[in-house]
Amino acid sequence: MDFTDPSASALYEAVVRSGGDLVVGLDFDGTLAPIVEDPTRAHVHPEVPDLLVALSEVVRGVAVVTGRPVRQALALGDLDQVGSRINDLHRSFLVLGQYGNERWTAVDRRVVSPRPPAGLAGFLREVPSLVRRAGAPDAYVEPKGLAVALHTRRLDDPAGSFARLLPLVTDAAARHGLAVEPGRLVVEVRAPGMHKGLSVRRLAEEWSAKGFLFAGDDLGDVEAFTELRAMRTEGVATMAVCSHGGDGPEELEELADLVVDGPDGVVELLRALVHDLS
Ligand SMILES: O=P(O)(O)OC[C@H]1O[C@H](O[C@H]2O[C@H](CO)[C@@H](O)[C@H](O)[C@H]2O)[C@H](O)[C@@H](O)[C@@H]1O
């Protein structure tokens with residue numbers, strides 16, 4: 001792997017030195033799977049399944065940490081099958097869904113999840129009026145069990161619709177005691193209190209990580225990147241990788257140690273990691 005930035009190169013070498021004590025956390029959409037118009041058709045890059053298995057053999061653990069419900073990520077990423085293969089090798093693999101609220105491990109093979117937040121049913125009743133008032137009546141509404149995501153990517157004016165929808169949704173979510181998670185032409189409403197930063201911290205503790213590499217592409221990954229910075233001051237070798245593409249947020253790029261070119265770039269990096277750790 002060629003690094004143009006010497007500080008990224010030094011961080012990568014430190015992460016590689018953590019070897020068998022390294023944890024790799026990977027976001028799903030925009031990181032393992034290219035962004036597509038229809039969220040039900042977001043499949044992982046074809047090399048991802050084999051790479052996750054190969055990676056699991058040379059690191060302490062591999063985790064997919066996503067805003068998606070676990071079951072969706074398992075289906076779209078063929079991750080159930082990946083989990084079986086990794087389990088057969090007696091290595092560690094898990095999927096944390098809905099920003100860490102749901103958990104699935106290759107050993108237990110069942111989704112552990114809390115109940116939907118109390119305010120969600122009330123918020124859902126308001127959705128038709130919210131999208132109408134935002135001039136986005138055809139926004140795609142993605143029910144997620146513990147949350148709901150409102151997508152504007154397939155509308156005539158995706159960015160304008162998103163900008164009009166966000167304040168209305170933020171106000172309604174607050175009235176129902178819910179949190180708002182804006183993303184790439186999507187705004188999600190969910191329970192407060194959990195985010196990818198906490199997920200990263202707990203994974204590092206669970207797997208006694210001496211190194212942690214995390215790759216993500218969206219605002220929902222900001223807390224994970226921030227947590228990696230904190231862990232670095234505590235002596236853990238960390239690297240935050242931004243999977244750059246199209247409408248991804250500048251804020252994440254600014255926090256990143258390395259910016260790669262979308263899922264293709266993530267795959268190239270994971271390939272290098274497997275090679276350098278073997
Ligand atoms: O944490 P992630 O794995 O990145 O999940 C975040 C959200 O991703 C999905 O939406 C995004 O990807 C779609 C498919 O490429 C795209 O159409 C949409 O515009 C993106 O925002 C997913 O649908 C959401 O539920 C996730 O929360």
# chains A, B, ... in the order shown; residues from 1 in each chain; ligands from 1
call {"tool": "closest_atom_pairs", "arguments": {"of": "chain A", "to": "ligand 1", "cutoff": "9 Å", "atoms": "only C-alpha atoms and all ligand atoms", "output": "Markdown table"}}
result
| residue | atom | partner | partner_atom_place_in_ligand_line | distance |
| --- | --- | --- | --- | --- |
| A:Leu26 | CA | ligand 1 | 3 (O) | 8.4 |
| A:Asp27 | CA | ligand 1 | 3 (O) | 4.8 |
| A:Phe28 | CA | ligand 1 | 3 (O) | 3.5 |
| A:Asp29 | CA | ligand 1 | 4 (O) | 3.9 |
| A:Gly30 | CA | ligand 1 | 4 (O) | 5.9 |
| A:Thr31 | CA | ligand 1 | 4 (O) | 7.0 |
| A:Leu32 | CA | ligand 1 | 3 (O) | 8.3 |
| A:Ala33 | CA | ligand 1 | 15 (O) | 7.1 |
| A:Pro34 | CA | ligand 1 | 15 (O) | 6.0 |
| A:Ile35 | CA | ligand 1 | 15 (O) | 3.3 |
| A:Val36 | CA | ligand 1 | 15 (O) | 3.8 |
| A:Glu37 | CA | ligand 1 | 17 (O) | 4.3 |
| A:Asp38 | CA | ligand 1 | 17 (O) | 5.0 |
| A:Pro39 | CA | ligand 1 | 14 (C) | 3.8 |
| A:Thr40 | CA | ligand 1 | 14 (C) | 7.1 |
| A:Arg41 | CA | ligand 1 | 14 (C) | 7.0 |
| A:Ala42 | CA | ligand 1 | 14 (C) | 5.1 |
| A:His43 | CA | ligand 1 | 15 (O) | 8.4 |
| A:Val64 | CA | ligand 1 | 3 (O) | 8.2 |
| A:Val65 | CA | ligand 1 | 1 (O) | 6.7 |
| A:Thr66 | CA | ligand 1 | 1 (O) | 3.7 |
| A:Gly67 | CA | ligand 1 | 1 (O) | 3.6 |
| A:Arg68 | CA | ligand 1 | 26 (C) | 4.9 |
| A:Pro69 | CA | ligand 1 | 25 (O) | 7.5 |
| A:Ala73 | CA | ligand 1 | 3 (O) | 8.0 |
| A:Gly97 | CA | ligand 1 | 1 (O) | 8.2 |
| A:Gln98 | CA | ligand 1 | 27 (O) | 7.2 |
| A:Tyr99 | CA | ligand 1 | 1 (O) | 6.8 |
| A:Glu142 | CA | ligand 1 | 25 (O) | 6.8 |
| A:Pro143 | CA | ligand 1 | 25 (O) | 8.4 |
| A:Lys144 | CA | ligand 1 | 25 (O) | 7.1 |
| A:Ala147 | CA | ligand 1 | 25 (O) | 8.8 |
| A:Val148 | CA | ligand 1 | 25 (O) | 7.7 |
| A:Ala149 | CA | ligand 1 | 25 (O) | 5.8 |
| A:Leu150 | CA | ligand 1 | 25 (O) | 8.5 |
| A:His151 | CA | ligand 1 | 19 (O) | 6.2 |
| A:Thr152 | CA | ligand 1 | 19 (O) | 7.1 |
| A:Arg153 | CA | ligand 1 | 19 (O) | 5.3 |
| A:Arg154 | CA | ligand 1 | 17 (O) | 8.0 |
| A:Glu181 | CA | ligand 1 | 27 (O) | 8.2 |
| A:Pro182 | CA | ligand 1 | 21 (O) | 8.5 |
| A:Gly183 | CA | ligand 1 | 21 (O) | 5.4 |
| A:Arg184 | CA | ligand 1 | 21 (O) | 4.1 |
| A:Leu185 | CA | ligand 1 | 19 (O) | 4.9 |
| A:Val186 | CA | ligand 1 | 21 (O) | 4.7 |
| A:Val187 | CA | ligand 1 | 21 (O) | 7.9 |
| A:Glu188 | CA | ligand 1 | 27 (O) | 6.7 |
| A:Lys196 | CA | ligand 1 | 1 (O) | 8.6 |
| A:Gly216 | CA | ligand 1 | 4 (O) | 6.9 |
| A:Asp217 | CA | ligand 1 | 4 (O) | 6.5 |
| A:Asp218 | CA | ligand 1 | 4 (O) | 6.2 |
| A:Leu219 | CA | ligand 1 | 4 (O) | 8.7 |
| A:Gly220 | CA | ligand 1 | 1 (O) | 6.2 |
| A:Asp221 | CA | ligand 1 | 1 (O) | 7.1 |
call {"tool": "residues_around", "arguments": {"residues": "region 207-213 of chain A", "least_positions_apart": "2", "cutoff": "7 Å", "atoms": "only C-alpha atoms", "output": "list in words"}}
result
Val15, Ser18, Asp21, Leu22, Val23, Val24, Gly25, Arg60, Leu203, Ala204, Glu205, Ala215, Val236, Ala237, Thr238, Met239 and Ala240 of chain A
call {"tool": "closest_residue", "arguments": {"among": "A:Leu89, A:Val95, A:Ala106, A:Ala75", "to": "Leu55 (chain A)", "atoms": "only C-alpha atoms"}}
result
A:Leu89
call {"tool": "closest_residue", "arguments": {"among": "A:Val189, A:Gly122, A:Leu168, A:Phe225", "to": "Val141 (chain A)", "atoms": "only C-alpha atoms"}}
result
A:Val189
call {"tool": "closest_residue", "arguments": {"among": "A:Val59, A:Leu124, A:Val169, A:Ala174", "to": "Ser92 (chain A)", "atoms": "only C-alpha atoms"}}
result
A:Val59
call {"tool": "closest_residue", "arguments": {"among": "A:Glu126, A:Glu102, A:Asp78, A:Asp156", "to": "Met194 (chain A)", "atoms": "only C-alpha atoms"}}
result
A:Glu102
call {"tool": "atom_distance", "arguments": {"atom1": "CA of Leu255 (chain A)", "atom2": "CA of Asp2 (chain A)"}}
result
20.4 Å
call {"tool": "select_by_dssp", "arguments": {"residues": "region 59-161 of chain A", "states": "strand (DSSP E)", "output": "count of residues only"}}
result
22
call {"tool": "atom_distance", "arguments": {"atom1": "CA of Leu96 (chain A)", "atom2": "CA of Leu252 (chain A)"}}
result
20.4 Å
call {"tool": "atom_distance", "arguments": {"atom1": "CA of Asp88 (chain A)", "atom2": "CA of Met1 (chain A)"}}
result
29.7 Å
call {"tool": "closest_residue", "arguments": {"among": "A:Gly77, A:Asp157, A:Leu52, A:Pro116", "to": "Phe93 (chain A)", "atoms": "only C-alpha atoms"}}
result
A:Leu52
call {"tool": "select_by_dssp", "arguments": {"residues": "region 110-238 of chain A", "states": "helix (DSSP H, G or I)", "output": "PyMOL selection string"}}
result
chain A and resi 120-133+158-175+196-206+219-233
call {"tool": "residues_around", "arguments": {"residues": "Arg175 (chain A)", "least_positions_apart": "4", "cutoff": "9 Å", "atoms": "only C-alpha atoms", "output": "list in words"}}
result
Gly119, Phe123, Thr170 and Asp171 of chain A
call {"tool": "write_last_selection", "arguments": {"atoms": "N, CA and C atoms", "output": "PDB file, in the first residue's frame"}}
result
ATOM      1  N   GLY A 119     -41.043   6.440  22.021  1.00  0.00           N
ATOM      2  CA  GLY A 119     -41.614   7.502  21.187  1.00  0.00           C
ATOM      3  C   GLY A 119     -41.743   7.164  19.706  1.00  0.00           C
ATOM      4  N   PHE A 123     -43.899   9.017  16.591  1.00  0.00           N
ATOM      5  CA  PHE A 123     -43.179   9.706  15.516  1.00  0.00           C
ATOM      6  C   PHE A 123     -43.616   9.166  14.150  1.00  0.00           C
ATOM      7  N   THR A 170     -36.129  16.956  12.958  1.00  0.00           N
ATOM      8  CA  THR A 170     -35.403  17.199  14.217  1.00  0.00           C
ATOM      9  C   THR A 170     -36.376  17.674  15.298  1.00  0.00           C
ATOM     10  N   ASP A 171     -37.264  18.575  14.921  1.00  0.00           N
ATOM     11  CA  ASP A 171     -38.244  19.102  15.872  1.00  0.00           C
ATOM     12  C   ASP A 171     -39.194  17.991  16.337  1.00  0.00           C
TER      13      ASP A 171
END
call {"tool": "residues_around", "arguments": {"residues": "Gly193 (chain A)", "least_positions_apart": "6", "cutoff": "12 Å", "atoms": "only C-alpha atoms", "output": "ChimeraX atom specification"}}
result
/A:98-101,117,177-181,199
call {"tool": "write_last_selection", "arguments": {"atoms": "N, CA and C atoms", "output": "short mmCIF file (atom, residue, chain, number, x, y, z; two decimals), in the first residue's frame"}}
result
data_model
loop_
_atom_site.label_atom_id
_atom_site.label_comp_id
_atom_site.auth_asym_id
_atom_site.auth_seq_id
_atom_site.Cartn_x
_atom_site.Cartn_y
_atom_site.Cartn_z
N GLN A 98 -27.76 -1.16 13.85
CA GLN A 98 -28.46 0.00 14.42
C GLN A 98 -27.54 0.77 15.38
N TYR A 99 -26.33 1.04 14.90
CA TYR A 99 -25.31 1.84 15.61
C TYR A 99 -24.84 1.18 16.91
N GLY A 100 -25.05 -0.12 17.04
CA GLY A 100 -24.58 -0.83 18.23
C GLY A 100 -25.72 -1.30 19.11
N ASN A 101 -26.94 -0.96 18.78
CA ASN A 101 -28.08 -1.42 19.57
C ASN A 101 -28.34 -2.91 19.38
N PRO A 117 -37.78 2.15 20.84
CA PRO A 117 -37.96 3.24 21.81
C PRO A 117 -39.43 3.67 21.91
N GLY A 177 -38.89 12.45 22.17
CA GLY A 177 -37.76 11.95 22.97
C GLY A 177 -36.81 11.09 22.18
N LEU A 178 -36.70 11.34 20.87
CA LEU A 178 -35.85 10.52 20.01
C LEU A 178 -34.66 11.32 19.48
N ALA A 179 -33.65 10.61 19.00
CA ALA A 179 -32.45 11.27 18.46
C ALA A 179 -32.50 11.26 16.93
N VAL A 180 -31.82 12.22 16.34
CA VAL A 180 -31.77 12.31 14.87
C VAL A 180 -30.36 11.98 14.41
N GLU A 181 -30.28 11.15 13.39
CA GLU A 181 -28.97 10.76 12.82
C GLU A 181 -28.99 11.14 11.34
N SER A 199 -19.74 1.73 20.58
CA SER A 199 -19.55 0.37 20.05
C SER A 199 -18.07 0.05 19.90
#
call {"tool": "decode", "arguments": {"residues": "region 229-243 of chain A", "atoms": "all heavy atoms", "output": "short mmCIF file (atom, residue, chain, number, x, y, z; two decimals), in the first residue's frame"}}
result
data_model
loop_
_atom_site.label_atom_id
_atom_site.label_comp_id
_atom_site.auth_asym_id
_atom_site.auth_seq_id
_atom_site.Cartn_x
_atom_site.Cartn_y
_atom_site.Cartn_z
N ARG A 229 -9.40 8.49 18.37
CA ARG A 229 -8.43 9.51 18.80
C ARG A 229 -8.16 9.38 20.31
O ARG A 229 -7.01 9.44 20.77
CB ARG A 229 -9.00 10.92 18.56
CG ARG A 229 -9.01 11.35 17.13
CD ARG A 229 -7.68 12.00 16.76
NE ARG A 229 -7.59 12.11 15.31
CZ ARG A 229 -7.80 13.23 14.63
NH1 ARG A 229 -8.08 14.34 15.28
NH2 ARG A 229 -7.69 13.25 13.32
N ALA A 230 -9.26 9.20 21.07
CA ALA A 230 -9.12 9.07 22.53
C ALA A 230 -8.31 7.83 22.88
O ALA A 230 -7.41 7.86 23.73
CB ALA A 230 -10.50 9.01 23.18
N MET A 231 -8.59 6.74 22.19
CA MET A 231 -7.88 5.48 22.48
C MET A 231 -6.40 5.61 22.16
O MET A 231 -5.55 5.00 22.82
CB MET A 231 -8.53 4.33 21.68
CG MET A 231 -9.84 3.87 22.28
SD MET A 231 -10.90 2.90 21.18
CE MET A 231 -9.79 1.69 20.57
N ARG A 232 -6.09 6.41 21.15
CA ARG A 232 -4.67 6.59 20.79
C ARG A 232 -3.90 7.25 21.94
O ARG A 232 -2.77 6.87 22.23
CB ARG A 232 -4.54 7.44 19.53
CG ARG A 232 -3.14 7.43 18.94
CD ARG A 232 -3.07 8.21 17.64
NE ARG A 232 -3.89 7.63 16.60
CZ ARG A 232 -4.32 8.29 15.54
NH1 ARG A 232 -4.02 9.56 15.36
NH2 ARG A 232 -5.06 7.68 14.62
N THR A 233 -4.54 8.19 22.62
CA THR A 233 -3.86 8.84 23.75
C THR A 233 -3.67 7.86 24.91
O THR A 233 -2.88 8.10 25.81
CB THR A 233 -4.65 10.08 24.27
OG1 THR A 233 -5.87 9.61 24.85
CG2 THR A 233 -4.93 11.09 23.18
N GLU A 234 -4.42 6.76 24.88
CA GLU A 234 -4.29 5.74 25.93
C GLU A 234 -3.31 4.64 25.51
O GLU A 234 -3.20 3.61 26.18
CB GLU A 234 -5.67 5.12 26.21
CG GLU A 234 -6.67 6.14 26.75
CD GLU A 234 -8.13 5.67 26.57
OE1 GLU A 234 -8.34 4.46 26.35
OE2 GLU A 234 -9.02 6.52 26.64
N GLY A 235 -2.66 4.80 24.36
CA GLY A 235 -1.61 3.85 23.96
C GLY A 235 -2.05 2.80 22.95
O GLY A 235 -1.28 1.90 22.61
N VAL A 236 -3.30 2.87 22.48
CA VAL A 236 -3.75 1.92 21.46
C VAL A 236 -3.35 2.47 20.09
O VAL A 236 -3.49 3.67 19.83
CB VAL A 236 -5.29 1.73 21.52
CG1 VAL A 236 -5.76 0.74 20.47
CG2 VAL A 236 -5.72 1.27 22.92
N ALA A 237 -2.84 1.60 19.22
CA ALA A 237 -2.48 2.04 17.86
C ALA A 237 -3.76 2.10 17.02
O ALA A 237 -4.38 1.07 16.78
CB ALA A 237 -1.51 1.03 17.24
N THR A 238 -4.18 3.29 16.64
CA THR A 238 -5.46 3.39 15.93
C THR A 238 -5.30 4.06 14.58
O THR A 238 -4.37 4.83 14.35
CB THR A 238 -6.50 4.19 16.75
OG1 THR A 238 -6.08 5.55 16.85
CG2 THR A 238 -6.71 3.60 18.12
N MET A 239 -6.24 3.76 13.71
CA MET A 239 -6.26 4.39 12.39
C MET A 239 -7.71 4.53 11.94
O MET A 239 -8.46 3.55 11.87
CB MET A 239 -5.49 3.54 11.40
CG MET A 239 -5.40 4.19 10.04
SD MET A 239 -4.07 3.44 9.08
CE MET A 239 -3.69 4.79 7.99
N ALA A 240 -8.11 5.79 11.65
CA ALA A 240 -9.46 6.08 11.17
C ALA A 240 -9.40 6.29 9.67
O ALA A 240 -8.70 7.18 9.19
CB ALA A 240 -10.00 7.33 11.86
N VAL A 241 -10.16 5.48 8.95
CA VAL A 241 -10.09 5.51 7.48
C VAL A 241 -11.42 5.99 6.91
O VAL A 241 -12.47 5.41 7.19
CB VAL A 241 -9.80 4.09 6.94
CG1 VAL A 241 -9.72 4.10 5.42
CG2 VAL A 241 -8.52 3.53 7.55
N CYS A 242 -11.37 7.06 6.14
CA CYS A 242 -12.58 7.59 5.51
C CYS A 242 -12.71 7.02 4.10
O CYS A 242 -11.82 7.17 3.28
CB CYS A 242 -12.53 9.11 5.46
SG CYS A 242 -13.93 9.82 4.55
N SER A 243 -13.84 6.36 3.87
CA SER A 243 -14.13 5.85 2.53
C SER A 243 -14.83 6.99 1.78
O SER A 243 -16.01 7.26 1.99
CB SER A 243 -15.04 4.62 2.66
OG SER A 243 -15.53 4.24 1.41
#
